[in-house]
Every structure is written in structure tokens, then in C-alpha cells.
file final25.csv (CSV, C-alpha atoms)
chain,number,residue,atom,x,y,z
N,1,MET,CA,2.3,34.9,19.5
N,2,GLU,CA,3.0,31.3,20.8
N,3,SER,CA,0.4,28.7,20.5
N,4,LEU,CA,-1.3,27.6,23.7
N,5,LEU,CA,-2.0,24.0,22.5
N,6,VAL,CA,1.6,23.6,21.2
N,7,ASN,CA,3.1,24.6,24.5
N,8,VAL,CA,0.7,22.4,26.6
N,9,SER,CA,1.4,19.5,24.2
N,10,LYS,CA,5.2,19.8,25.0
N,11,TYR,CA,4.3,19.2,28.7
N,12,ALA,CA,1.9,16.4,27.8
N,13,SER,CA,4.4,14.6,25.6
N,14,SER,CA,6.9,14.5,28.4
N,15,HIS,CA,4.7,12.3,30.5
N,16,GLN,CA,4.6,8.6,29.8
N,17,THR,CA,0.8,8.3,30.0
N,18,SER,CA,0.1,11.3,27.8
N,19,PRO,CA,2.1,11.2,24.6
N,20,THR,CA,1.5,13.8,21.8
N,21,GLU,CA,-0.8,11.4,19.9
N,22,ASN,CA,-3.2,11.3,22.9
N,23,PHE,CA,-3.0,15.1,23.3
N,24,ILE,CA,-3.8,15.7,19.6
N,25,THR,CA,-6.7,13.3,20.0
N,26,GLU,CA,-8.1,15.0,23.0
N,27,ALA,CA,-7.8,18.4,21.3
N,28,PHE,CA,-9.4,17.2,18.1
N,29,ALA,CA,-12.3,15.5,20.0
N,30,TRP,CA,-12.9,18.8,21.9
N,31,LEU,CA,-12.9,20.7,18.6
N,32,LEU,CA,-15.4,18.3,17.0
N,33,LYS,CA,-17.7,18.5,19.9
N,34,TYR,CA,-17.9,22.2,20.2
N,35,ASP,CA,-17.5,23.4,16.6
N,36,GLU,CA,-20.4,22.3,14.5
N,37,VAL,CA,-18.9,23.7,11.2
N,38,VAL,CA,-15.7,21.6,11.7
N,39,ARG,CA,-17.7,18.6,12.6
N,40,LYS,CA,-19.8,18.8,9.4
N,41,ALA,CA,-16.7,19.4,7.3
N,42,TYR,CA,-14.9,16.4,8.8
N,43,ALA,CA,-17.9,14.2,8.3
N,44,GLN,CA,-17.9,15.3,4.7
N,45,LEU,CA,-14.3,14.4,4.2
N,46,LEU,CA,-14.8,11.0,5.8
N,47,ALA,CA,-17.8,10.3,3.6
N,48,GLU,CA,-15.8,11.0,0.5
N,49,LYS,CA,-13.3,8.3,1.7
N,50,SER,CA,-16.1,5.7,2.0
N,51,PRO,CA,-18.9,6.5,-0.5
N,52,GLN,CA,-20.8,3.3,0.3
N,53,TYR,CA,-21.4,4.6,3.8
N,54,ARG,CA,-21.9,8.2,2.8
N,55,VAL,CA,-25.3,8.6,4.4
N,56,GLU,CA,-24.4,7.0,7.8
N,57,ILE,CA,-21.2,9.1,8.0
N,58,LEU,CA,-22.8,12.4,7.1
N,59,ASN,CA,-25.5,11.7,9.8
N,60,LEU,CA,-22.6,11.7,12.4
N,61,SER,CA,-22.3,15.5,11.9
N,62,THR,CA,-25.4,15.9,14.1
N,63,SER,CA,-23.9,13.9,17.0
N,64,ILE,CA,-21.5,15.1,19.7
N,65,ASP,CA,-21.3,11.6,21.2
N,66,ILE,CA,-17.6,11.5,20.9
N,67,ASP,CA,-15.4,9.6,23.4
N,68,THR,CA,-11.7,9.1,23.6
N,69,GLN,CA,-9.6,6.1,24.9
N,70,VAL,CA,-12.6,3.8,25.0
N,71,ASN,CA,-11.9,0.4,26.5
N,72,PHE,CA,-12.1,-2.3,23.9
N,73,GLY,CA,-11.4,-5.3,26.1
N,74,GLY,CA,-8.0,-3.9,27.2
N,75,LYS,CA,-7.3,-2.2,23.8
N,76,TYR,CA,-7.9,1.5,23.5
N,77,PRO,CA,-8.8,3.1,20.2
N,78,ASP,CA,-8.2,6.8,20.2
N,79,LEU,CA,-11.7,8.0,19.5
N,80,LEU,CA,-15.2,6.6,19.1
N,81,TRP,CA,-17.9,8.7,17.3
N,82,ASN,CA,-21.4,7.4,17.7
N,83,SER,CA,-24.5,8.4,15.7
N,84,THR,CA,-27.3,10.1,17.5
N,85,ASP,CA,-29.6,7.0,17.1
N,86,GLU,CA,-26.8,4.7,18.2
N,87,ASP,CA,-27.0,2.5,15.1
N,88,PHE,CA,-23.6,3.4,13.6
N,89,CYS,CA,-20.2,4.5,14.7
N,90,LEU,CA,-16.6,5.2,13.6
N,91,VAL,CA,-13.7,3.8,15.5
N,92,PHE,CA,-10.6,5.9,15.1
N,93,GLU,CA,-6.9,5.2,15.6
N,94,HIS,CA,-4.6,8.3,15.5
N,95,LYS,CA,-0.9,8.1,14.7
N,96,VAL,CA,1.7,10.8,14.6
N,97,TRP,CA,5.2,9.4,14.0
N,98,SER,CA,4.7,5.8,15.1
N,99,GLU,CA,3.5,2.6,13.5
N,100,LEU,CA,0.5,0.5,14.3
N,101,HIS,CA,1.0,-2.4,16.8
N,102,ASN,CA,0.7,-5.9,15.4
N,103,LYS,CA,-2.9,-6.6,14.5
N,104,GLN,CA,-4.0,-3.4,16.2
N,105,LEU,CA,-6.9,-2.6,13.8
N,106,SER,CA,-8.0,-6.2,13.5
N,107,ASN,CA,-8.2,-6.3,17.3
N,108,TYR,CA,-10.5,-3.3,17.3
N,109,GLU,CA,-12.6,-4.9,14.6
N,110,LYS,CA,-12.9,-8.2,16.4
N,111,TYR,CA,-14.0,-6.5,19.6
N,112,ALA,CA,-16.5,-4.2,17.8
N,113,LYS,CA,-18.1,-7.1,16.0
N,114,ALA,CA,-18.6,-9.0,19.3
N,115,HIS,CA,-19.7,-6.1,21.5
N,116,LEU,CA,-20.9,-3.0,19.8
N,117,ASN,CA,-24.1,-4.4,18.3
N,118,LYS,CA,-24.1,-1.8,15.5
N,119,SER,CA,-22.6,-1.1,12.1
N,120,PHE,CA,-19.1,0.5,12.3
N,121,LEU,CA,-16.1,1.4,10.3
N,122,ILE,CA,-12.4,1.6,11.3
N,123,ALA,CA,-10.7,4.9,10.5
N,124,LEU,CA,-7.0,5.5,10.6
N,125,VAL,CA,-5.4,9.0,10.7
N,126,THR,CA,-1.7,9.3,10.3
N,127,ALA,CA,1.2,11.6,9.5
N,128,HIS,CA,2.0,9.9,6.2
N,129,SER,CA,0.2,7.6,3.8
N,130,GLY,CA,3.1,5.1,4.3
N,131,GLN,CA,1.6,4.4,7.7
N,132,HIS,CA,-1.7,3.2,6.2
N,133,ARG,CA,-1.3,-0.5,7.0
N,134,GLN,CA,-3.7,-3.2,8.2
N,135,SER,CA,-6.4,-2.2,5.7
N,136,PRO,CA,-8.6,0.3,7.6
N,137,ASP,CA,-12.0,1.1,6.1
N,138,ILE,CA,-11.0,4.8,5.9
N,139,ALA,CA,-7.4,6.1,5.8
N,140,LEU,CA,-6.4,9.7,5.8
N,141,CYS,CA,-3.5,12.0,6.8
N,142,TRP,CA,-3.4,14.9,9.3
N,143,TYR,CA,-2.7,17.4,6.5
N,144,GLU,CA,-6.1,16.6,5.0
N,145,VAL,CA,-7.7,17.4,8.4
N,146,THR,CA,-5.8,20.6,8.5
N,147,ASN,CA,-6.8,21.5,4.9
N,148,ILE,CA,-10.5,21.2,5.6
N,149,ILE,CA,-10.2,23.3,8.8
N,150,GLU,CA,-8.3,26.1,7.0
N,151,SER,CA,-10.8,26.0,4.1
N,152,LEU,CA,-13.7,27.0,6.4
N,153,GLY,CA,-12.7,30.6,6.7
N,154,GLU,CA,-13.3,32.6,9.9
N,155,GLY,CA,-16.0,31.9,12.4
N,156,ASP,CA,-16.7,33.9,15.5
N,157,ASN,CA,-13.6,34.9,17.6
N,158,LYS,CA,-13.7,31.9,19.8
N,159,GLU,CA,-14.1,29.4,16.8
N,160,SER,CA,-11.4,31.1,14.8
N,161,TRP,CA,-9.0,31.0,17.8
N,162,LEU,CA,-9.7,27.3,18.5
N,163,ARG,CA,-9.3,26.3,14.9
N,164,ALA,CA,-6.1,28.2,14.5
N,165,GLU,CA,-4.7,26.6,17.7
N,166,PHE,CA,-5.4,23.1,16.5
N,167,VAL,CA,-3.9,23.8,13.1
N,168,ASN,CA,-0.8,25.2,14.8
N,169,LEU,CA,-0.6,22.1,17.0
N,170,ILE,CA,-0.7,19.8,13.9
N,171,LYS,CA,1.9,21.9,12.0
N,172,SER,CA,4.2,22.1,15.0
N,173,ASN,CA,4.5,18.3,15.0
N,174,GLY,CA,5.5,18.2,11.3
N,175,LEU,CA,2.2,16.7,10.2
N,176,VAL,CA,1.4,19.1,7.3
N,177,ASN,CA,4.4,19.4,5.1
N,178,ALA,CA,6.1,16.1,5.9
N,179,THR,CA,9.3,15.4,4.1
N,180,PRO,CA,11.3,12.1,3.5
N,181,LEU,CA,13.4,13.3,6.5
N,182,ASN,CA,10.9,12.7,9.3
N,183,PRO,CA,11.0,11.0,12.7
N,184,LEU,CA,9.6,7.7,11.4
N,185,ALA,CA,12.0,7.5,8.5
N,186,ILE,CA,15.0,8.3,10.8
N,187,ALA,CA,13.9,5.7,13.3
N,188,TYR,CA,14.0,3.0,10.6
N,189,TYR,CA,17.0,4.2,8.7
N,190,ASN,CA,19.3,1.3,9.5
N,191,ASP,CA,16.6,-1.3,8.8
N,192,VAL,CA,15.7,0.4,5.5
N,193,LYS,CA,19.3,0.2,4.3
N,194,ASN,CA,19.2,-3.6,4.6
N,195,ILE,CA,15.9,-4.1,2.8
N,196,ASP,CA,17.5,-4.4,-0.7
N,197,LYS,CA,20.0,-6.9,0.5
N,198,GLN,CA,17.4,-9.1,2.1
N,199,LEU,CA,15.1,-9.0,-0.9
N,200,TYR,CA,18.1,-10.0,-3.1
N,201,GLU,CA,18.9,-12.9,-0.7
N,202,ILE,CA,15.3,-14.1,-0.8
N,203,ALA,CA,15.5,-14.3,-4.6
N,204,ARG,CA,19.0,-15.9,-4.5
N,205,ARG,CA,17.7,-18.7,-2.2
N,206,SER,CA,14.9,-19.4,-4.6
N,207,LEU,CA,17.0,-19.6,-7.8
N,208,HIS,CA,17.0,-23.4,-8.1
N,209,ARG,CA,13.6,-24.1,-6.7
N,210,SER,CA,11.1,-26.2,-8.8
N,211,TRP,CA,9.3,-23.4,-10.4
N,212,PRO,CA,6.0,-24.1,-12.2
N,213,VAL,CA,7.4,-22.7,-15.5
N,214,TYR,CA,9.7,-25.8,-15.7
N,215,GLN,CA,7.0,-28.4,-15.7
N,216,GLU,CA,7.4,-30.8,-18.6
N,217,SER,CA,3.8,-30.5,-19.6
N,218,ASN,CA,4.0,-26.7,-20.2
N,219,LYS,CA,3.5,-25.6,-23.8
N,220,VAL,CA,5.8,-22.6,-23.2
N,221,LYS,CA,9.4,-23.4,-22.2
N,222,PHE,CA,11.8,-21.2,-20.2
N,223,HIS,CA,15.5,-21.1,-19.5
N,224,ASN,CA,16.6,-23.0,-16.3
N,225,PRO,CA,17.9,-21.5,-14.1
N,226,PRO,CA,16.4,-18.1,-14.3
N,227,LYS,CA,18.6,-15.0,-14.4
N,228,HIS,CA,19.3,-13.3,-11.0
N,229,ARG,CA,20.6,-9.9,-12.1
N,230,ASN,CA,21.9,-6.9,-10.3
N,231,ALA,CA,23.8,-3.7,-11.3
N,232,ARG,CA,27.4,-3.2,-10.2
N,233,GLY,CA,27.5,-2.0,-6.6
N,234,ARG,CA,23.7,-2.5,-6.1
N,235,TYR,CA,21.3,-5.3,-5.3
N,236,ASP,CA,18.8,-4.2,-8.0
N,237,ALA,CA,18.8,-3.8,-11.8
N,238,PHE,CA,16.3,-1.5,-13.4
N,239,GLY,CA,14.8,-0.7,-10.0
N,240,ARG,CA,13.8,-4.4,-9.4
N,241,ILE,CA,15.2,-7.3,-7.5
N,242,GLY,CA,14.2,-10.9,-8.3
N,243,LEU,CA,14.4,-13.6,-11.0
N,244,GLU,CA,13.9,-13.3,-14.7
N,245,PHE,CA,12.5,-16.2,-16.7
N,246,SER,CA,13.3,-15.9,-20.4
N,247,SER,CA,11.9,-18.0,-23.3
N,248,ILE,CA,14.1,-20.9,-24.2
N,249,ASN,CA,13.7,-19.9,-27.9
N,250,ALA,CA,16.3,-17.1,-27.4
N,251,GLY,CA,19.1,-16.0,-25.0
N,252,ASN,CA,18.7,-16.0,-21.2
N,253,ASP,CA,18.5,-12.2,-21.3
N,254,GLU,CA,16.3,-9.4,-22.9
N,255,SER,CA,16.4,-11.3,-26.2
N,256,GLY,CA,14.5,-14.1,-24.5
N,257,TRP,CA,11.6,-11.9,-23.5
N,258,ILE,CA,9.2,-13.3,-26.0
N,259,PRO,CA,7.8,-13.0,-23.5
N,260,GLY,CA,9.7,-13.0,-20.3
N,261,ILE,CA,8.4,-13.3,-16.8
N,262,PHE,CA,10.0,-11.5,-13.8
N,263,CYS,CA,9.1,-12.6,-10.3
N,264,GLY,CA,10.3,-10.4,-7.5
N,265,PHE,CA,10.2,-6.9,-6.1
N,266,ILE,CA,10.1,-3.4,-7.6
N,267,ILE,CA,11.8,-1.0,-5.3
N,268,ASP,CA,12.0,2.0,-7.6
N,269,GLY,CA,9.4,2.7,-10.2
N,270,TYR,CA,11.4,5.1,-12.5
N,271,ASP,CA,12.7,2.6,-15.1
N,272,HIS,CA,9.4,0.7,-15.4
N,273,GLN,CA,7.4,3.9,-15.3
N,274,VAL,CA,5.3,2.7,-12.4
N,275,GLU,CA,5.8,5.5,-9.8
N,276,ASP,CA,2.0,5.3,-9.3
N,277,LEU,CA,2.3,1.7,-8.0
N,278,VAL,CA,5.1,2.3,-5.5
N,279,LYS,CA,3.7,5.4,-3.7
N,280,ASN,CA,3.6,3.5,-0.4
N,281,GLY,CA,6.9,1.7,-0.9
N,282,PRO,CA,8.2,-1.4,-2.7
N,283,ILE,CA,5.9,-3.9,-4.3
N,284,ALA,CA,6.0,-7.6,-4.9
N,285,SER,CA,5.4,-8.2,-8.5
N,286,LEU,CA,5.2,-10.5,-11.5
N,287,VAL,CA,6.1,-8.5,-14.6
N,288,LEU,CA,5.3,-9.6,-18.2
N,289,SER,CA,8.2,-8.4,-20.4
N,290,VAL,CA,8.6,-8.3,-24.2
N,291,ASN,CA,11.8,-7.6,-26.2
N,292,LYS,CA,12.1,-4.7,-28.6
N,293,SER,CA,11.5,-6.7,-31.8
N,294,ILE,CA,7.9,-7.5,-30.8
N,295,GLN,CA,6.9,-4.4,-28.8
N,296,SER,CA,5.1,-2.8,-31.8
N,297,SER,CA,3.1,-6.0,-32.3
N,298,LEU,CA,2.2,-6.6,-28.7
N,299,LYS,CA,-1.6,-6.6,-29.5
N,300,SER,CA,-1.3,-8.7,-32.6
N,301,GLN,CA,-4.4,-10.9,-33.1
N,302,GLY,CA,-5.9,-9.6,-29.9
N,303,HIS,CA,-4.1,-12.2,-27.7
N,304,TYR,CA,-2.7,-9.6,-25.3
N,305,ASP,CA,-6.1,-8.1,-24.5
N,306,LEU,CA,-7.6,-11.6,-24.0
N,307,LEU,CA,-4.7,-12.4,-21.7
N,308,VAL,CA,-5.3,-9.3,-19.6
N,309,ASN,CA,-9.0,-10.1,-19.2
N,310,GLU,CA,-8.4,-13.7,-18.3
N,311,ILE,CA,-5.7,-13.0,-15.7
N,312,LYS,CA,-7.7,-10.3,-14.2
N,313,ALA,CA,-10.6,-12.7,-13.7
N,314,LYS,CA,-8.4,-15.4,-12.1
N,315,LEU,CA,-6.2,-13.3,-9.8
N,316,PRO,CA,-6.6,-13.8,-6.0
N,317,ALA,CA,-8.2,-10.9,-4.2
N,318,ASP,CA,-4.9,-9.7,-2.6
N,319,TRP,CA,-3.3,-9.1,-6.0
N,320,LYS,CA,-3.9,-6.2,-8.4
N,321,LEU,CA,-3.3,-6.0,-12.2
N,322,SER,CA,-1.9,-2.9,-14.0
N,323,ASP,CA,-2.1,-2.9,-17.7
N,324,ARG,CA,0.3,-0.2,-18.7
N,325,THR,CA,-1.0,0.0,-22.2
N,326,ILE,CA,-4.2,1.7,-21.0
N,327,ALA,CA,-4.4,5.3,-22.1
N,328,GLY,CA,-3.3,7.8,-19.4
N,329,LEU,CA,-0.8,5.5,-17.8
N,330,LYS,CA,2.9,5.8,-18.2
N,331,LEU,CA,4.3,2.9,-20.2
N,332,ASN,CA,7.7,1.3,-20.5
N,333,PRO,CA,7.1,-0.8,-23.6
N,334,TRP,CA,9.4,-3.5,-22.3
N,335,HIS,CA,7.1,-4.2,-19.4
N,336,PRO,CA,3.4,-3.8,-20.4
N,337,LEU,CA,1.7,-5.9,-17.7
N,338,ILE,CA,2.4,-5.9,-14.0
N,339,ILE,CA,0.7,-8.0,-11.3
N,340,TYR,CA,1.5,-6.6,-7.9
N,341,ARG,CA,0.7,-6.0,-4.2
N,342,GLU,CA,2.3,-3.9,-1.5
N,343,LEU,CA,5.4,-5.5,0.1
N,344,THR,CA,4.0,-5.2,3.6
N,345,SER,CA,0.9,-7.2,2.9
N,346,PHE,CA,3.0,-9.7,0.8
N,347,ILE,CA,5.4,-10.5,3.7
N,348,GLN,CA,2.5,-10.5,6.2
N,349,ASP,CA,3.5,-12.2,9.4
N,350,ALA,CA,6.6,-13.9,8.1
N,351,GLN,CA,9.3,-12.9,10.5
N,352,THR,CA,12.5,-14.8,9.6
N,353,LEU,CA,14.4,-14.9,6.3
N,354,GLU,CA,13.4,-18.5,5.9
N,355,GLU,CA,9.7,-17.8,6.3
N,356,GLN,CA,9.9,-14.8,4.0
N,357,THR,CA,11.7,-16.8,1.3
N,358,GLU,CA,8.9,-19.4,1.5
N,359,VAL,CA,6.3,-16.8,1.1
N,360,TYR,CA,8.1,-15.4,-1.9
N,361,PHE,CA,8.3,-18.8,-3.6
N,362,THR,CA,4.8,-19.9,-2.7
N,363,GLN,CA,3.2,-16.7,-3.9
N,364,MET,CA,5.2,-16.3,-7.1
N,365,ALA,CA,4.8,-19.9,-8.0
N,366,MET,CA,1.0,-19.4,-7.6
N,367,LEU,CA,1.1,-16.5,-10.0
N,368,GLN,CA,3.1,-18.4,-12.5
N,369,SER,CA,0.5,-21.2,-12.4
N,370,VAL,CA,-2.3,-18.6,-13.0
N,371,PHE,CA,-0.5,-17.6,-16.3
N,372,LEU,CA,0.5,-21.2,-17.3
N,373,GLU,CA,-3.1,-22.4,-16.9
N,374,SER,CA,-4.4,-19.6,-19.1
N,375,ASP,CA,-5.2,-20.5,-22.7
N,376,ALA,CA,-4.8,-16.8,-23.5
N,377,PHE,CA,-1.3,-16.8,-22.2
N,378,ASN,CA,-0.2,-19.8,-24.3
N,379,ALA,CA,-1.8,-18.2,-27.4
N,380,PHE,CA,-0.1,-14.9,-26.6
N,381,CYS,CA,3.3,-16.6,-26.2
N,382,THR,CA,2.9,-18.6,-29.5
N,383,GLU,CA,2.1,-15.4,-31.3
N,384,MET,CA,5.0,-13.4,-29.8
N,385,GLN,CA,7.4,-16.2,-30.7
N,386,ARG,CA,6.1,-16.4,-34.2
N,387,LEU,CA,6.5,-12.7,-34.7
N,388,SER,CA,10.0,-12.9,-33.3
N,389,SER,CA,11.0,-15.7,-35.6
N,390,GLU,CA,9.9,-13.7,-38.6
N,391,GLU,CA,12.1,-10.7,-37.7
N,392,PRO,CA,15.1,-10.1,-39.9
N,393,LYS,CA,18.2,-11.4,-38.2

call {"tool": "encode", "arguments": {"input": "final25.csv", "output": "C-alpha cells"}}
result
Amino acid sequence: MESLLVNVSKYASSHQTSPTENFITEAFAWLLKYDEVVRKAYAQLLAEKSPQYRVEILNLSTSIDIDTQVNFGGKYPDLLWNSTDEDFCLVFEHKVWSELHNKQLSNYEKYAKAHLNKSFLIALVTAHSGQHRQSPDIALCWYEVTNIIESLGEGDNKESWLRAEFVNLIKSNGLVNATPLNPLAIAYYNDVKNIDKQLYEIARRSLHRSWPVYQESNKVKFHNPPKHRNARGRYDAFGRIGLEFSSINAGNDESGWIPGIFCGFIIDGYDHQVEDLVKNGPIASLVLSVNKSIQSSLKSQGHYDLLVNEIKAKLPADWKLSDRTIAGLKLNPWHPLIIYRELTSFIQDAQTLEEQTEVYFTQMAMLQSVFLESDAFNAFCTEMQRLSSEEPK
């Protein structure tokens, strides 16, 4: 039997003012208003995504004050869910196979702070986690919504029919079992093909810049210029694109990783064993690398652990640290420590290649300085070079 909501949505999506996203929003709002069980289950899911607001979110389950397309000063979030006592609300943006507009969520936040006079959170629901941009307070995917509805079991005849219709609507738009071949990926196919080339060009343009690692006052010395490596027929090497800074005490290659510093981008996490860091796409990264001769002595004298703790304490808020030596994480022993952030937030509002190149140099130079100013880093380098010099030649 054909789905009523699926058929009606085909009509709705053909009209410029009623795209599929709006239709899904209206259908979901209706379901939340009139199915208490779904409403409670959805509130529970949202509360799990934001534990610090658990009580406020769970209290929403008693409220049917749910409006769509509310006017936020000329901007229109998809759904607004107010608590019964009017002291808290969730502001929702729903996406199917489209991206957020520039500063869309920050515009909602700015308006809410100025006009709502209550606590609020911004929630983003999308087809794919790769669409979770602009730092919403809560981010989830449509398949999660579907999963909770299907887990509820059967209600009365009307409830069961409405739930099934909404689930069919979500599935018919490819929002449950999304694959890499989806409308969003296809729309950006030509652009994506050029990303590796542009990242390579950003690094190439920065090859002869005045990097902090070359300051005369540094205790640790590095080869100048750095190595700009790529595999034959590709722009990357080992799944990464950027510049490799090797210790001047050895060759300008892996032998000089005592230690080495890579500044650039990881586009494929397989070689570095960091698939968990690139789930949402390429990352900007500084990688601390060590050559094979000293890998077994990485934690000699405790310098490495001190370094990790010191860098973690000094990192700017936008950057994250992944110590791959921690139990439970995959480890490529050549690359034990990775400082990273998602490429989308790294590039931010830089639109031209020149602007993006400047962002790259400024941010990577800042990270180099964090390491160079660390006593633990200097002690770690001294220890690694001592151990390397004692290795049989």
C-alpha cells in the first residue's frame, strides 16, 4: 500500500514555497503534538544529547506548544518547542539533503538571545552527520528519530498508522540508510575532486615562509625548507597533505623524525589509524612523528606524558588533542600524538586561496609556537635525540 505522506510530499516538494524539508517538519510537528508517546521518546533522545539540560528538555514532553516557521526577524527556524511554563525552548533547524546557509544557526542564536527572554538551545536535525556544521547545541540525524519511533511498538490503530506514515516519509527520502552516493555528495562531486589539489597548493605556497621552528633561539633545530611530499599521481602521501619538519640531526625524511612535526591536513585516516578523527571529513592537524629506532622508547623518562599534559593545557579551545598511546585507541607508532580540528571550522570564513593559505600558516605557526615554548617538548626532543644517537649504526 502506498504511503499517503510520501505521495503528498511529492506534490509539496514541487512547489517553490513548500520543499520536502518543510513538509517533513510539518508532519513531524503534527506527530509530536498529537502522539504523547513519541513526544516523550523524542524528548528523551534530545536529553541524552545534552545531559546538562536534561531536566529542562524532559519537561518539554508535557508541552504541545510546538510552532513551525516562526519569524526570527526575517529568518525562519523550522520548529520552536516551548516548555509549558515558558521558561525554556528548543529552536530546531531541519535539513534533508541541503547545507546550512552562512551563519544560519548563529543568526537564530543572536535573535533568540535578544528577543526570547528565556533559556534556549539550538538543535540541528540532518540527513548525515557531515551536515552538522556551525556548532549546534544538539545535533542528530533523521535515522535516529526513525529508530526511536520504530522502537515504541504499536499504539492504537491511529497512532500506529501515523507513526508508520512518518517513518515511510523519512525512508522514502533516503534519510535512514544513507550511503556515500547521496544527493548532497553528488551535488558537490566536482568541488570535492579539487579539494586535495587545493590543500596541496596551500601547503606549497607556505613552503618558504618564516616558520617558528626556524627561529635562531630555538633549542630544537629543524631542516629548512621542510619536505612537501606526495605520492606518484596523488596530492597526498600516507593520507596526508602538508609540510614535514624533520630534525636537523638526521636526514630530511623519516630518519629525521626524532621527532618530526607535520603541519597540514589528514584526508584519509587509514595509514595513521585515525579513522575515528575523520568521521566528518578531512582534518587540519599537527602530527608529532617518531622514527622506528625510538618508537619502543617513546615514553622514556616520562617526557612524552609530560609533553601531552603540557600541550593539552595550553591548546586553544578550537583545537583537540588525541594521544594515540591511550589504551583502546588505534595506534600507528610512527605518529603517536595528533593535534587537530575539523577542516570546515579551520577554514572558517576564508573564501579565496590567498585567505585560506594565510589561515593555514597563521594557525600552524601558532601550534608550532605552543610546542616550542613547552619545556616538556624540549626535554622530549633531547631525550629522543639521545636515544637515537645511541642506536647501533

call {"tool": "residues_around", "arguments": {"input": "final25.csv", "residues": "Ser388 of chain N", "least_positions_apart": "5", "cutoff": "10 Å", "atoms": "all atoms listed in the file", "output": "MDAnalysis selection string"}}
result
chainID N and resid 249:250 255:258 291:294 297 382:383 393

call {"tool": "residues_near_point", "arguments": {"input": "final25.csv", "point": "(-6.3, 16.2, 18.5)", "cutoff": "12 Å", "atoms": "only C-alpha atoms", "output": "ChimeraX atom specification"}}
result
/N:5-6,9,19-33,68,78-79,92-96,125-126,142,145-146,162-163,165-171,173,175

call {"tool": "atom_distance", "arguments": {"input": "final25.csv", "atom1": "atom CA of Leu152 of chain N", "atom2": "atom CA of Asp137 of chain N"}}
result
26.0 Å

call {"tool": "atom_distance", "arguments": {"input": "final25.csv", "atom1": "atom CA of Gly260 of chain N", "atom2": "atom CA of Leu288 of chain N"}}
result
5.9 Å

call {"tool": "closest_residue", "arguments": {"input": "final25.csv", "among": "N:Leu331, N:Ile241, N:Ile66, N:Cys89", "to": "Lys118 of chain N", "atoms": "all atoms listed in the file"}}
result
N:Cys89

call {"tool": "residues_around", "arguments": {"input": "final25.csv", "residues": "Asn280 of chain N", "least_positions_apart": "6", "cutoff": "12 Å", "atoms": "all atoms listed in the file", "output": "MDAnalysis selection string"}}
result
chainID N and resid 128:133 266:269 341:345

call {"tool": "closest_residue", "arguments": {"input": "final25.csv", "among": "N:Ala317, N:Gln351, N:Phe346, N:Met384", "to": "Lys299 of chain N", "atoms": "all atoms listed in the file"}}
result
N:Met384

call {"tool": "atom_distance", "arguments": {"input": "final25.csv", "atom1": "atom CA of Thr62 of chain N", "atom2": "atom CA of Ala47 of chain N"}}
result
14.1 Å

call {"tool": "residues_around", "arguments": {"input": "final25.csv", "residues": "Pro226 of chain N", "least_positions_apart": "6", "cutoff": "10 Å", "atoms": "all atoms listed in the file", "output": "list in words"}}
result
Ser206, Leu207, His208, Trp211, Gly242, Leu243, Glu244, Phe245, Ser246, Asn252, Asp253, Ile261, Phe262 and Cys263 of chain N

call {"tool": "closest_residue", "arguments": {"input": "final25.csv", "among": "N:Ala127, N:Ile339, N:Leu353, N:Val91", "to": "Gly174 of chain N", "atoms": "all atoms listed in the file"}}
result
N:Ala127
